[in-house]
Every structure is written in structure tokens, then in C-alpha cells.
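Engineer: Following this message is one structure expressed as C-alpha cells.
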Amino acid sequence: MKAVVITKYGDPEVLQWQEAPTPQISGDLVLIEVQAAGLNRSDAFQREGNYPAPNGVAAEIPGLEVSGIIVECGPDVVDFKVGDKVCALLAGGGYAEYVGVREGQCLPIPASLSFTEAASLPETVFTVWSNVFQRGNLQPGETVLFHGGNSGIGITGIQIAHALGSKVIVTAGTEEKGQKCIELGADLFINYKTQDFEKELQDKGVDVILDMIGGDYLSKNINILKTEGRLIHINAVDGSHVDLDIWKVMLKRLTVSGSTLRSREYEFKKYLAKEVQKNVWPLIESGKFKPVIFKTFPFSEAAEAHRLLEKNTHTGKIILVK
């Protein structure tokens, strides 16, 4: 098969479309003929050598989410069959013509979605559901703040939280990006380049914050959380070593937590897939949540796709397509 290979760590041009071994299938693995693969920030970090793949995962082929058609099933597969159209959460290897993954990390593609749309879902939907609705326990009527509202995580979180009855606030870097978030269901956007979100929200307060920034955002997040508020970290692009005022956490009875998904055990991912199918797939089928695709590229142009990803000018997902 062919795959997008990280030939060495560095800038986007190190990504090359070249021959690679086809995955071998056994046990409860399925082999997916990949039709589309979603791009994520972590793919760029891996390309740069800053986000190594877990043990047992091909380190030279990035890609955490795909859609496609199952062309082979291991002897222990029970929930899928050859010919099924699926999307899947991966620990790596998605930028390829074929990928092997355990069946519990696969989901049937909703009938209304294309392969391109389906490939945009697994990483963001699994992350949002696990962190905002399970870890953060967001409830109808509560207010949630998503930092980076125009990101894949942001557009997913906006739509699901809005559909389930929560008030949604986002930060965004331009007025145009903020307006697109409003169109998706956000109630308010704050331009972080011209406004201080702490000052804007200090009198309103929020119940749940999903943060991928870290750094000096921590103290600001702590200050705007309501009593019993929940702060969940999924990245720390501005720094992970921060000062924390423990007294504020104690007095407001806050919960500060975080998680990573890629390295989690298979049983958790399998459980999470079932929860997503139960709670999020009906929102897609009813039209309350729809993937937002910014641009597509052929797999052979993965370097150009990464250049666009790193410009941070997009709202929605960038997808590699067959």
C-alpha cells in the first residue's frame, strides 16, 4: 500500500506519499480501506517529533481518525463484516490506503454522512464526549466555555452542547471565526486578540471550561468558574508548568482535571465508542449536529494540508481524501 510517511522530523515537506507495509489482520482487528482521514494538531506535533506514537503503533505514519470500508475481518470480530462502512478512532497510521484497528474503536457511518464528513468525527467527538459530558458532567442549562471555538474540538463541542440544552461561549481569534461559531450554535464569542475573556466573563461565570491552551489561561479560568465549576485540560500549547491558587479551588469547590485519549486502554475506547453512538449519533441523524469541513486534499498533498493546518485560518476540519 501507499501511505503518508514521516521521513524525518521537521516541517510539512518531510511528509512523503510512498510505499509502506500493509497491516496484517488477526484477532478482533478489522482492515479498513481508507477513503478519508482527518487532520489534527497532534499530527503536526508527531511530524515534528514532539508527540511520539504509543508502543505498537507505526511511528512514521500519522493519522488518528479515518473513514472507509472494511475489507477484512480477524477471526474474533463479531460486530462488523466485510463491506461495512465505518469511521474509526486510531492511535496512529490513518494517513494510508489501509489501516488495521480493533473493532471496538469503529462506528458505523450515519447514513446521511459522506466518507469525508465521517472522517472528521472520531477524534473530536470522542474527545468532547469524554471530557465535557463525562468528566465535566455538563448539564442542560449550564454554561460551557470552549477555548478555540473554530477548532475541530470547538465546532463539535458547540453543536453537541447547544443541541443538549447548554449555553455555549467560545473564544476565537477573529470576528469572522466568532461569527461562524455563532452560526453553529454558540451564544457568545470573545475575540481573544482584542478582548480579555476573564474580564468579559467575570460577572457571568461559567460552569465548565474545556481548555487546550494552558499557560496563563489557568488562573483566568479559575477566576471565572462558578462554584462547583469544572475545568478540563486536553492540551497545554502555551505551557504546562503554571501557578495554581489552591485556596480558590478549595473555596469554590472546583474540579480541575485533564486527560489524553491516544494512549488510553482499548476497553475505555470501546466503551466510549458505544457512548458516542448512543448519545451523539442520534444528534447527527436528526440534523442537530453536522460535521463542518473546511477543505480537502488528496493524500499525496498531505504536506500542503499540514501547511494550511498550521496557518490556523480555518474553521472546521481539514481532510485528506482518496
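Note on naming: chains are A, B, ... as they come in the C-alpha cells, residues start from 1 per chain, ligands start from 1 in the order shown.
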Which residues come within 10 Å of Pro62 in chain A, counting only C-alpha atoms, excluding same-chain residues fewer than 2 positions away, as a PDB file with N, CA and C atoms, in the first residue's frame?
Structural biologist:
ATOM      1  N   ALA A   3       1.308   5.176   1.767  1.00  0.00           N
ATOM      2  CA  ALA A   3       0.963   5.911   2.976  1.00  0.00           C
ATOM      3  C   ALA A   3       1.748   7.218   3.002  1.00  0.00           C
ATOM      4  N   VAL A   4       1.252   8.162   3.792  1.00  0.00           N
ATOM      5  CA  VAL A   4       1.984   9.397   4.057  1.00  0.00           C
ATOM      6  C   VAL A   4       2.971   9.099   5.180  1.00  0.00           C
ATOM      7  N   VAL A   5       4.237   9.148   4.865  1.00  0.00           N
ATOM      8  CA  VAL A   5       5.283   8.738   5.802  1.00  0.00           C
ATOM      9  C   VAL A   5       6.071   9.963   6.288  1.00  0.00           C
ATOM     10  N   ILE A   6       6.319   9.993   7.593  1.00  0.00           N
ATOM     11  CA  ILE A   6       7.213  10.999   8.170  1.00  0.00           C
ATOM     12  C   ILE A   6       8.635  10.517   7.914  1.00  0.00           C
ATOM     13  N   LEU A  15       6.699  15.043   4.983  1.00  0.00           N
ATOM     14  CA  LEU A  15       5.634  14.083   4.722  1.00  0.00           C
ATOM     15  C   LEU A  15       5.684  13.663   3.258  1.00  0.00           C
ATOM     16  N   ALA A  37      -9.253  10.732   5.774  1.00  0.00           N
ATOM     17  CA  ALA A  37      -8.605  10.803   7.088  1.00  0.00           C
ATOM     18  C   ALA A  37      -8.606  12.245   7.571  1.00  0.00           C
ATOM     19  N   LEU A  39      -7.356  15.531   9.784  1.00  0.00           N
ATOM     20  CA  LEU A  39      -6.137  16.118  10.326  1.00  0.00           C
ATOM     21  C   LEU A  39      -6.402  16.655  11.727  1.00  0.00           C
ATOM     22  N   ASN A  40      -5.400  16.514  12.598  1.00  0.00           N
ATOM     23  CA  ASN A  40      -5.463  17.045  13.954  1.00  0.00           C
ATOM     24  C   ASN A  40      -4.124  17.677  14.308  1.00  0.00           C
ATOM     25  N   SER A  42      -2.287  17.232  16.744  1.00  0.00           N
ATOM     26  CA  SER A  42      -1.326  16.248  17.230  1.00  0.00           C
ATOM     27  C   SER A  42      -0.565  15.578  16.090  1.00  0.00           C
ATOM     28  N   ASP A  43      -1.157  15.547  14.895  1.00  0.00           N
ATOM     29  CA  ASP A  43      -0.437  15.001  13.743  1.00  0.00           C
ATOM     30  C   ASP A  43       0.792  15.856  13.431  1.00  0.00           C
ATOM     31  N   ALA A  44       0.614  17.173  13.513  1.00  0.00           N
ATOM     32  CA  ALA A  44       1.743  18.081  13.278  1.00  0.00           C
ATOM     33  C   ALA A  44       2.791  17.939  14.377  1.00  0.00           C
ATOM     34  N   PHE A  45       2.331  17.785  15.622  1.00  0.00           N
ATOM     35  CA  PHE A  45       3.282  17.583  16.725  1.00  0.00           C
ATOM     36  C   PHE A  45       4.079  16.300  16.508  1.00  0.00           C
ATOM     37  N   GLN A  46       3.401  15.243  16.047  1.00  0.00           N
ATOM     38  CA  GLN A  46       4.094  13.984  15.782  1.00  0.00           C
ATOM     39  C   GLN A  46       5.112  14.160  14.650  1.00  0.00           C
ATOM     40  N   ARG A  47       4.734  14.875  13.618  1.00  0.00           N
ATOM     41  CA  ARG A  47       5.641  15.137  12.490  1.00  0.00           C
ATOM     42  C   ARG A  47       6.901  15.867  12.936  1.00  0.00           C
ATOM     43  N   PRO A  52       5.213  11.399  20.309  1.00  0.00           N
ATOM     44  CA  PRO A  52       5.508  10.046  19.834  1.00  0.00           C
ATOM     45  C   PRO A  52       4.300   9.121  19.884  1.00  0.00           C
ATOM     46  N   ALA A  53       4.252   8.209  18.938  1.00  0.00           N
ATOM     47  CA  ALA A  53       3.170   7.224  18.900  1.00  0.00           C
ATOM     48  C   ALA A  53       3.340   6.235  20.051  1.00  0.00           C
ATOM     49  N   VAL A  57       2.409   1.052  17.730  1.00  0.00           N
ATOM     50  CA  VAL A  57       1.783   1.832  16.663  1.00  0.00           C
ATOM     51  C   VAL A  57       2.879   2.372  15.748  1.00  0.00           C
ATOM     52  N   ALA A  58       2.646   2.273  14.433  1.00  0.00           N
ATOM     53  CA  ALA A  58       3.636   2.752  13.469  1.00  0.00           C
ATOM     54  C   ALA A  58       3.947   4.228  13.715  1.00  0.00           C
ATOM     55  N   ALA A  59       5.179   4.506  14.074  1.00  0.00           N
ATOM     56  CA  ALA A  59       5.555   5.874  14.449  1.00  0.00           C
ATOM     57  C   ALA A  59       5.703   6.785  13.244  1.00  0.00           C
ATOM     58  N   GLU A  60       5.870   6.204  12.055  1.00  0.00           N
ATOM     59  CA  GLU A  60       6.188   7.015  10.884  1.00  0.00           C
ATOM     60  C   GLU A  60       4.945   7.413  10.078  1.00  0.00           C
ATOM     61  N   LEU A  64      -5.120   9.981  13.211  1.00  0.00           N
ATOM     62  CA  LEU A  64      -5.859   9.461  14.366  1.00  0.00           C
ATOM     63  C   LEU A  64      -7.330   9.149  14.082  1.00  0.00           C
ATOM     64  N   GLU A  65      -7.781   9.437  12.851  1.00  0.00           N
ATOM     65  CA  GLU A  65      -9.190   9.169  12.548  1.00  0.00           C
ATOM     66  C   GLU A  65      -9.362   8.975  11.047  1.00  0.00           C
ATOM     67  N   LEU A  90      -8.136   6.015  15.912  1.00  0.00           N
ATOM     68  CA  LEU A  90      -6.871   5.298  15.825  1.00  0.00           C
ATOM     69  C   LEU A  90      -5.856   5.875  16.804  1.00  0.00           C
ATOM     70  N   ALA A  91      -4.827   5.100  17.058  1.00  0.00           N
ATOM     71  CA  ALA A  91      -3.669   5.624  17.793  1.00  0.00           C
ATOM     72  C   ALA A  91      -2.591   6.091  16.835  1.00  0.00           C
ATOM     73  N   GLY A  92      -2.829   5.928  15.531  1.00  0.00           N
ATOM     74  CA  GLY A  92      -1.885   6.330  14.504  1.00  0.00           C
ATOM     75  C   GLY A  92      -2.106   5.519  13.249  1.00  0.00           C
ATOM     76  N   GLY A  93      -1.442   5.923  12.164  1.00  0.00           N
ATOM     77  CA  GLY A  93      -1.475   5.147  10.930  1.00  0.00           C
ATOM     78  C   GLY A  93      -2.584   5.481   9.965  1.00  0.00           C
ATOM     79  N   GLY A  94      -3.337   6.539  10.208  1.00  0.00           N
ATOM     80  CA  GLY A  94      -4.514   6.816   9.399  1.00  0.00           C
ATOM     81  C   GLY A  94      -4.250   7.416   8.031  1.00  0.00           C
ATOM     82  N   TYR A  95      -3.085   8.020   7.830  1.00  0.00           N
ATOM     83  CA  TYR A  95      -2.765   8.628   6.527  1.00  0.00           C
ATOM     84  C   TYR A  95      -2.269   7.529   5.586  1.00  0.00           C
ATOM     85  N   ALA A  96      -3.117   6.608   5.237  1.00  0.00           N
ATOM     86  CA  ALA A  96      -2.682   5.455   4.453  1.00  0.00           C
ATOM     87  C   ALA A  96      -3.850   4.873   3.666  1.00  0.00           C
TER      88      ALA A  96
END
Engineer: Go through A:Thr171, A:Asp207, A:Val82, A:Cys87 and flag the residue nearest Pro140 in chain A, using only C-alpha atoms for the distances.
Structural biologist: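 Checking each of A:Thr171, A:Asp207, A:Val82, A:Cys87 against Pro140 in chain A, counting only C-alpha atoms, the winner is A:Asp207.
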Engineer: For the contact check between range 239-290 of chain A and range 214-228 of chain A, emit one row per residue of range 239-290 of chain A within 8 Å, containing the shortest atom pair and the distance in Å rounded to one decimal, counting only C-alpha atoms, chain then rising number order, as a tab-separated table.
Structural biologist:
residue	atom	partner	partner_atom	distance
A:Gly239	CA	A:Gly215	CA	4.5
A:Ser240	CA	A:Gly214	CA	6.0
A:His241	CA	A:Gly215	CA	7.0
A:Val242	CA	A:Gly215	CA	5.9
A:Asp243	CA	A:Ser219	CA	7.6
A:Leu244	CA	A:Ser219	CA	6.7
A:Asp245	CA	A:Ser219	CA	7.6
A:Lys248	CA	A:Ile222	CA	7.4
A:Val249	CA	A:Ile222	CA	7.3
A:Lys252	CA	A:Thr227	CA	4.5
A:Arg253	CA	A:Glu228	CA	5.0
A:Leu254	CA	A:Glu228	CA	4.9
A:Thr255	CA	A:Glu228	CA	7.1
Engineer: Enumerate the residues of range 51-197 of chain A with a DSSP assignment of helix (DSSP H, G or I), computed from the backbone, and present them as a VMD selection string.
Structural biologist: chain A and resid 103 to 105 115 to 119 122 to 135 152 to 163 175 to 184 197
Engineer: Go through range 290-321 of chain A and flag each residue having an atom no more than 12 Å from range 150-159 of chain A; for those, report the closest pair of atoms plus their distance in Å to one decimal, using only C-alpha atoms, ordered by chain and rising number, as a tab-separated table.
Structural biologist:
residue	atom	partner	partner_atom	distance
A:Lys290	CA	A:Gln159	CA	7.9
A:Pro291	CA	A:Thr156	CA	7.6
A:Val292	CA	A:Ile155	CA	7.5
A:Ile293	CA	A:Gly152	CA	9.3
A:Phe294	CA	A:Gly152	CA	10.0
A:Leu309	CA	A:Ser151	CA	10.1
A:Glu310	CA	A:Ser151	CA	11.8
A:Asn312	CA	A:Ser151	CA	8.7
A:Thr313	CA	A:Asn150	CA	9.1
A:His314	CA	A:Asn150	CA	7.3
A:Thr315	CA	A:Asn150	CA	4.6
A:Gly316	CA	A:Gly152	CA	5.4
A:Lys317	CA	A:Gly152	CA	5.6
A:Ile318	CA	A:Gly152	CA	8.9
A:Ile319	CA	A:Gly152	CA	11.2
Engineer: Please, which residues in range 201-261 of chain A fall within 9 Å of range 143-148 of chain A when counting only C-alpha atoms, and what is the closest atom pair and distance in Å to one decimal for each, ordered by chain then residue number, as JSON lines?
Structural biologist:
{"residue": "A:Gly205", "atom": "CA", "partner": "A:Thr143", "partner_atom": "CA", "distance": 8.1}
{"residue": "A:Val206", "atom": "CA", "partner": "A:Thr143", "partner_atom": "CA", "distance": 5.1}
{"residue": "A:Asp207", "atom": "CA", "partner": "A:Thr143", "partner_atom": "CA", "distance": 5.3}
{"residue": "A:Val208", "atom": "CA", "partner": "A:Val144", "partner_atom": "CA", "distance": 4.7}
{"residue": "A:Ile209", "atom": "CA", "partner": "A:Leu145", "partner_atom": "CA", "distance": 4.7}
{"residue": "A:Leu210", "atom": "CA", "partner": "A:Phe146", "partner_atom": "CA", "distance": 5.2}
{"residue": "A:Asp211", "atom": "CA", "partner": "A:His147", "partner_atom": "CA", "distance": 5.6}
{"residue": "A:Met212", "atom": "CA", "partner": "A:His147", "partner_atom": "CA", "distance": 6.9}
{"residue": "A:Ile213", "atom": "CA", "partner": "A:His147", "partner_atom": "CA", "distance": 7.5}
Engineer: Counting only C-alpha atoms, what is within 10 Å of Ala161 in chain A, bar same-chain residues fewer than 4 positions away, as JSON, numbers by chain?
Structural biologist: {"A": [128, 129, 132, 133, 138, 139, 140, 141, 142, 143, 144, 156, 157, 165, 166, 167, 168, 185, 186, 289]}
Engineer: Would you write out those residues with N, CA, C and O atoms, as a PDB file, in the first residue's frame?
Structural biologist:
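What ended up in again.pdb:
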ATOM      1  N   VAL A 128     -14.633  15.313  22.942  1.00  0.00           N
ATOM      2  CA  VAL A 128     -15.657  16.178  23.539  1.00  0.00           C
ATOM      3  C   VAL A 128     -16.558  15.390  24.471  1.00  0.00           C
ATOM      4  O   VAL A 128     -16.835  15.831  25.601  1.00  0.00           O
ATOM      5  N   TRP A 129     -17.029  14.235  24.039  1.00  0.00           N
ATOM      6  CA  TRP A 129     -17.957  13.489  24.893  1.00  0.00           C
ATOM      7  C   TRP A 129     -17.280  13.047  26.186  1.00  0.00           C
ATOM      8  O   TRP A 129     -17.827  13.173  27.284  1.00  0.00           O
ATOM      9  N   VAL A 132     -16.119  16.762  28.179  1.00  0.00           N
ATOM     10  CA  VAL A 132     -17.140  17.745  28.531  1.00  0.00           C
ATOM     11  C   VAL A 132     -18.342  17.101  29.212  1.00  0.00           C
ATOM     12  O   VAL A 132     -18.850  17.610  30.222  1.00  0.00           O
ATOM     13  N   PHE A 133     -18.786  15.969  28.704  1.00  0.00           N
ATOM     14  CA  PHE A 133     -20.029  15.388  29.201  1.00  0.00           C
ATOM     15  C   PHE A 133     -19.829  14.274  30.227  1.00  0.00           C
ATOM     16  O   PHE A 133     -20.703  14.044  31.060  1.00  0.00           O
ATOM     17  N   LEU A 138     -21.318  18.203  32.062  1.00  0.00           N
ATOM     18  CA  LEU A 138     -22.110  19.353  31.625  1.00  0.00           C
ATOM     19  C   LEU A 138     -23.585  18.996  31.577  1.00  0.00           C
ATOM     20  O   LEU A 138     -23.971  17.975  31.011  1.00  0.00           O
ATOM     21  N   GLN A 139     -24.413  19.860  32.161  1.00  0.00           N
ATOM     22  CA  GLN A 139     -25.848  19.612  32.258  1.00  0.00           C
ATOM     23  C   GLN A 139     -26.629  20.649  31.448  1.00  0.00           C
ATOM     24  O   GLN A 139     -26.157  21.766  31.223  1.00  0.00           O
ATOM     25  N   PRO A 140     -27.843  20.297  31.022  1.00  0.00           N
ATOM     26  CA  PRO A 140     -28.700  21.282  30.356  1.00  0.00           C
ATOM     27  C   PRO A 140     -28.905  22.503  31.252  1.00  0.00           C
ATOM     28  O   PRO A 140     -29.093  22.371  32.460  1.00  0.00           O
ATOM     29  N   GLY A 141     -28.827  23.686  30.659  1.00  0.00           N
ATOM     30  CA  GLY A 141     -28.985  24.914  31.426  1.00  0.00           C
ATOM     31  C   GLY A 141     -27.686  25.484  31.953  1.00  0.00           C
ATOM     32  O   GLY A 141     -27.634  26.657  32.350  1.00  0.00           O
ATOM     33  N   GLU A 142     -26.626  24.688  31.992  1.00  0.00           N
ATOM     34  CA  GLU A 142     -25.324  25.181  32.429  1.00  0.00           C
ATOM     35  C   GLU A 142     -24.603  25.882  31.268  1.00  0.00           C
ATOM     36  O   GLU A 142     -24.973  25.730  30.100  1.00  0.00           O
ATOM     37  N   THR A 143     -23.545  26.617  31.610  1.00  0.00           N
ATOM     38  CA  THR A 143     -22.761  27.338  30.615  1.00  0.00           C
ATOM     39  C   THR A 143     -21.390  26.694  30.463  1.00  0.00           C
ATOM     40  O   THR A 143     -20.713  26.420  31.451  1.00  0.00           O
ATOM     41  N   VAL A 144     -20.998  26.473  29.212  1.00  0.00           N
ATOM     42  CA  VAL A 144     -19.692  25.893  28.922  1.00  0.00           C
ATOM     43  C   VAL A 144     -18.890  26.876  28.077  1.00  0.00           C
ATOM     44  O   VAL A 144     -19.430  27.571  27.220  1.00  0.00           O
ATOM     45  N   THR A 156     -17.287  20.923  17.222  1.00  0.00           N
ATOM     46  CA  THR A 156     -18.002  19.740  17.697  1.00  0.00           C
ATOM     47  C   THR A 156     -18.669  20.027  19.029  1.00  0.00           C
ATOM     48  O   THR A 156     -19.855  19.735  19.225  1.00  0.00           O
ATOM     49  N   GLY A 157     -17.918  20.606  19.958  1.00  0.00           N
ATOM     50  CA  GLY A 157     -18.462  20.911  21.274  1.00  0.00           C
ATOM     51  C   GLY A 157     -19.616  21.890  21.218  1.00  0.00           C
ATOM     52  O   GLY A 157     -20.621  21.717  21.923  1.00  0.00           O
ATOM     53  N   GLY A 165     -28.908  21.463  25.203  1.00  0.00           N
ATOM     54  CA  GLY A 165     -29.546  22.440  26.079  1.00  0.00           C
ATOM     55  C   GLY A 165     -28.641  23.264  26.964  1.00  0.00           C
ATOM     56  O   GLY A 165     -29.098  23.852  27.946  1.00  0.00           O
ATOM     57  N   SER A 166     -27.361  23.358  26.633  1.00  0.00           N
ATOM     58  CA  SER A 166     -26.448  24.185  27.414  1.00  0.00           C
ATOM     59  C   SER A 166     -26.170  25.500  26.688  1.00  0.00           C
ATOM     60  O   SER A 166     -26.302  25.594  25.469  1.00  0.00           O
ATOM     61  N   LYS A 167     -25.780  26.505  27.450  1.00  0.00           N
ATOM     62  CA  LYS A 167     -25.360  27.780  26.877  1.00  0.00           C
ATOM     63  C   LYS A 167     -23.881  27.660  26.517  1.00  0.00           C
ATOM     64  O   LYS A 167     -23.094  27.129  27.300  1.00  0.00           O
ATOM     65  N   VAL A 168     -23.497  28.160  25.336  1.00  0.00           N
ATOM     66  CA  VAL A 168     -22.142  27.966  24.836  1.00  0.00           C
ATOM     67  C   VAL A 168     -21.452  29.305  24.609  1.00  0.00           C
ATOM     68  O   VAL A 168     -21.981  30.187  23.921  1.00  0.00           O
ATOM     69  N   GLY A 185     -24.212  27.603  16.741  1.00  0.00           N
ATOM     70  CA  GLY A 185     -24.979  27.434  17.967  1.00  0.00           C
ATOM     71  C   GLY A 185     -24.401  28.085  19.194  1.00  0.00           C
ATOM     72  O   GLY A 185     -25.008  28.017  20.268  1.00  0.00           O
ATOM     73  N   ALA A 186     -23.224  28.715  19.069  1.00  0.00           N
ATOM     74  CA  ALA A 186     -22.665  29.423  20.225  1.00  0.00           C
ATOM     75  C   ALA A 186     -23.525  30.640  20.555  1.00  0.00           C
ATOM     76  O   ALA A 186     -24.082  31.291  19.669  1.00  0.00           O
ATOM     77  N   PHE A 289     -26.580  18.071  14.649  1.00  0.00           N
ATOM     78  CA  PHE A 289     -25.123  18.166  14.630  1.00  0.00           C
ATOM     79  C   PHE A 289     -24.643  17.721  13.257  1.00  0.00           C
ATOM     80  O   PHE A 289     -24.981  16.619  12.800  1.00  0.00           O
TER      81      PHE A 289
END
Engineer: With a distance cut-off of 9 Å and only C-alpha atoms, select the neighbouring residues of Glu301 in chain A, excluding the residue or stretch itself and same-chain residues fewer than 5 positions from it, and output the selection as a PyMOL selection string.
Structural biologist: chain A and resi 15-17+306+320
Engineer: Just to be explicit: take each residue in the selection above, keep N, CA, C and O atoms, and write the result as a short mmCIF file (atom, residue, chain, number, x, y, z; two decimals), in the first residue's frame.
Structural biologist:
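Result went into selection24.cif, see below:
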data_model
loop_
_atom_site.label_atom_id
_atom_site.label_comp_id
_atom_site.auth_asym_id
_atom_site.auth_seq_id
_atom_site.Cartn_x
_atom_site.Cartn_y
_atom_site.Cartn_z
N LEU A 15 6.70 15.04 4.98
CA LEU A 15 5.63 14.08 4.72
C LEU A 15 5.68 13.66 3.26
O LEU A 15 5.53 14.49 2.36
N GLN A 16 5.89 12.37 3.01
CA GLN A 16 6.02 11.86 1.66
C GLN A 16 5.05 10.70 1.42
O GLN A 16 4.88 9.84 2.29
N TRP A 17 4.43 10.70 0.26
CA TRP A 17 3.49 9.65 -0.14
C TRP A 17 4.30 8.52 -0.78
O TRP A 17 4.81 8.67 -1.89
N HIS A 306 -0.97 20.13 5.86
CA HIS A 306 -0.36 20.50 7.13
C HIS A 306 0.02 21.98 7.16
O HIS A 306 -0.08 22.62 8.22
N LEU A 320 -7.96 14.67 4.44
CA LEU A 320 -7.30 14.01 3.32
C LEU A 320 -8.27 13.03 2.70
O LEU A 320 -8.94 12.27 3.42
#
Engineer: Set the distance at 12 Å and use only C-alpha atoms: which residues neighbour Gln35 in chain A once local chain neighbours fewer than 6 positions away are removed? I'd like the list as number ranges by chain.
Structural biologist: A: 65-70, 85-88, 94-99, 114-120, 296-299, 319-322
Engineer: With distances taken over only C-alpha atoms, which residue among A:Ala111, A:Leu89, A:Cys181, A:Ala302 lies nearest Arg262 in chain A?
Structural biologist: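 That would be A:Leu89, the residue with the smallest distance to Arg262 in chain A.
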Engineer: Please, what distance in Å, to one decimal, runs between CA of Ala305 in chain A and CA of Ile61 in chain A?
Structural biologist: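 These two atoms are separated by 15.0 Å.
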Engineer: Counting only C-alpha atoms, which residue out of A:Val101, A:Ile25, A:Ala172, A:Leu308 sits closest to Pro75 in chain A?
Structural biologist: A:Ile25
Engineer: Can you pull out the residues contacting Val256 in chain A? Cut-off 7 Å, using only C-alpha atoms, and skip same-chain residues under 2 positions away; I want them as a list in words.
Structural biologist: Arg230, Leu231, Ile232 and Leu254 of chain A
Engineer: Rank nothing, just name the residue among A:Val77, A:Asn55, A:Pro122, A:Lys2 nearest to Ile109 in chain A, using only C-alpha atoms.
Structural biologist: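 Checking each candidate against Ile109 in chain A, we get A:Pro122 as the closest.
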Engineer: Of the candidates A:Thr260, A:Asn235, A:Gln24, A:Gln18, which shows the shortest atom-to-atom distance to Ser130 in chain A, using only C-alpha atoms?
Structural biologist: A:Thr260
Engineer: Under the rule that only C-alpha atoms are counted, which of A:Pro12, A:Gly63, A:Pro21, A:Pro110 is the nearest residue to Gly38 in chain A?
Structural biologist: A:Gly63
Engineer: If I take CA of Gln277 in chain A and CA of Asn131 in chain A, how far is one from the other in Å, to one decimal?
Structural biologist: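 About the pair CA of Gln277 in chain A and CA of Asn131 in chain A: they are 16.0 Å apart.
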Engineer: To one decimal place, how far is CA of Gly149 in chain A from CA of Leu188 in chain A in Å?
Structural biologist: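 Calculated distance between CA of Gly149 in chain A and CA of Leu188 in chain A is 10.5 Å.
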Engineer: Using DSSP on the backbone coordinates, identify the residues of range 56-194 of chain A assigned to strand (DSSP E); present them as JSON, numbers by chain.
Structural biologist: {"A": [65, 66, 67, 68, 69, 70, 71, 72, 73, 85, 86, 87, 88, 89, 98, 99, 100, 101, 102, 106, 107, 108, 143, 144, 145, 146, 167, 168, 169, 170, 171, 172, 188, 189, 190, 191]}
Engineer: Generate the output file for the selected residues, C-alpha atoms, as a PDB file, in the first residue's frame.
Structural biologist:
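As written to disk, result.pdb reads:
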ATOM      1  CA  GLU A  65      -9.190   9.169  12.548  1.00  0.00           C
ATOM      2  CA  VAL A  66     -10.408   7.673   9.295  1.00  0.00           C
ATOM      3  CA  SER A  67     -13.469   6.589   7.399  1.00  0.00           C
ATOM      4  CA  GLY A  68     -13.642   3.765   4.921  1.00  0.00           C
ATOM      5  CA  ILE A  69     -14.834   0.275   4.060  1.00  0.00           C
ATOM      6  CA  ILE A  70     -13.947  -2.894   5.945  1.00  0.00           C
ATOM      7  CA  VAL A  71     -12.207  -5.292   3.549  1.00  0.00           C
ATOM      8  CA  GLU A  72     -11.008  -7.937   6.017  1.00  0.00           C
ATOM      9  CA  CYS A  73     -12.013  -9.101   9.498  1.00  0.00           C
ATOM     10  CA  LYS A  85     -18.814   1.493   6.039  1.00  0.00           C
ATOM     11  CA  VAL A  86     -17.195   2.720   9.243  1.00  0.00           C
ATOM     12  CA  CYS A  87     -15.268   5.542  10.826  1.00  0.00           C
ATOM     13  CA  ALA A  88     -12.651   4.737  13.427  1.00  0.00           C
ATOM     14  CA  LEU A  89     -10.534   6.235  16.181  1.00  0.00           C
ATOM     15  CA  TYR A  98      -5.276   0.738   4.564  1.00  0.00           C
ATOM     16  CA  VAL A  99      -5.291   0.704   8.329  1.00  0.00           C
ATOM     17  CA  GLY A 100      -5.901  -2.015  10.904  1.00  0.00           C
ATOM     18  CA  VAL A 101      -7.835  -1.248  14.083  1.00  0.00           C
ATOM     19  CA  ARG A 102      -9.670  -3.215  16.757  1.00  0.00           C
ATOM     20  CA  CYS A 106     -15.069   1.575  14.947  1.00  0.00           C
ATOM     21  CA  LEU A 107     -18.503   3.093  14.486  1.00  0.00           C
ATOM     22  CA  PRO A 108     -20.972   2.691  11.613  1.00  0.00           C
ATOM     23  CA  THR A 143     -22.761  27.338  30.615  1.00  0.00           C
ATOM     24  CA  VAL A 144     -19.692  25.893  28.922  1.00  0.00           C
ATOM     25  CA  LEU A 145     -16.663  27.771  27.574  1.00  0.00           C
ATOM     26  CA  PHE A 146     -14.670  26.309  24.692  1.00  0.00           C
ATOM     27  CA  LYS A 167     -25.360  27.780  26.877  1.00  0.00           C
ATOM     28  CA  VAL A 168     -22.142  27.966  24.836  1.00  0.00           C
ATOM     29  CA  ILE A 169     -19.390  30.602  24.949  1.00  0.00           C
ATOM     30  CA  VAL A 170     -16.238  30.407  22.827  1.00  0.00           C
ATOM     31  CA  THR A 171     -13.001  32.249  22.319  1.00  0.00           C
ATOM     32  CA  ALA A 172     -11.873  32.881  18.741  1.00  0.00           C
ATOM     33  CA  LEU A 188     -21.404  34.379  22.648  1.00  0.00           C
ATOM     34  CA  PHE A 189     -17.882  34.655  21.270  1.00  0.00           C
ATOM     35  CA  ILE A 190     -14.938  36.561  22.691  1.00  0.00           C
ATOM     36  CA  ASN A 191     -12.143  37.706  20.397  1.00  0.00           C
TER      37      ASN A 191
END
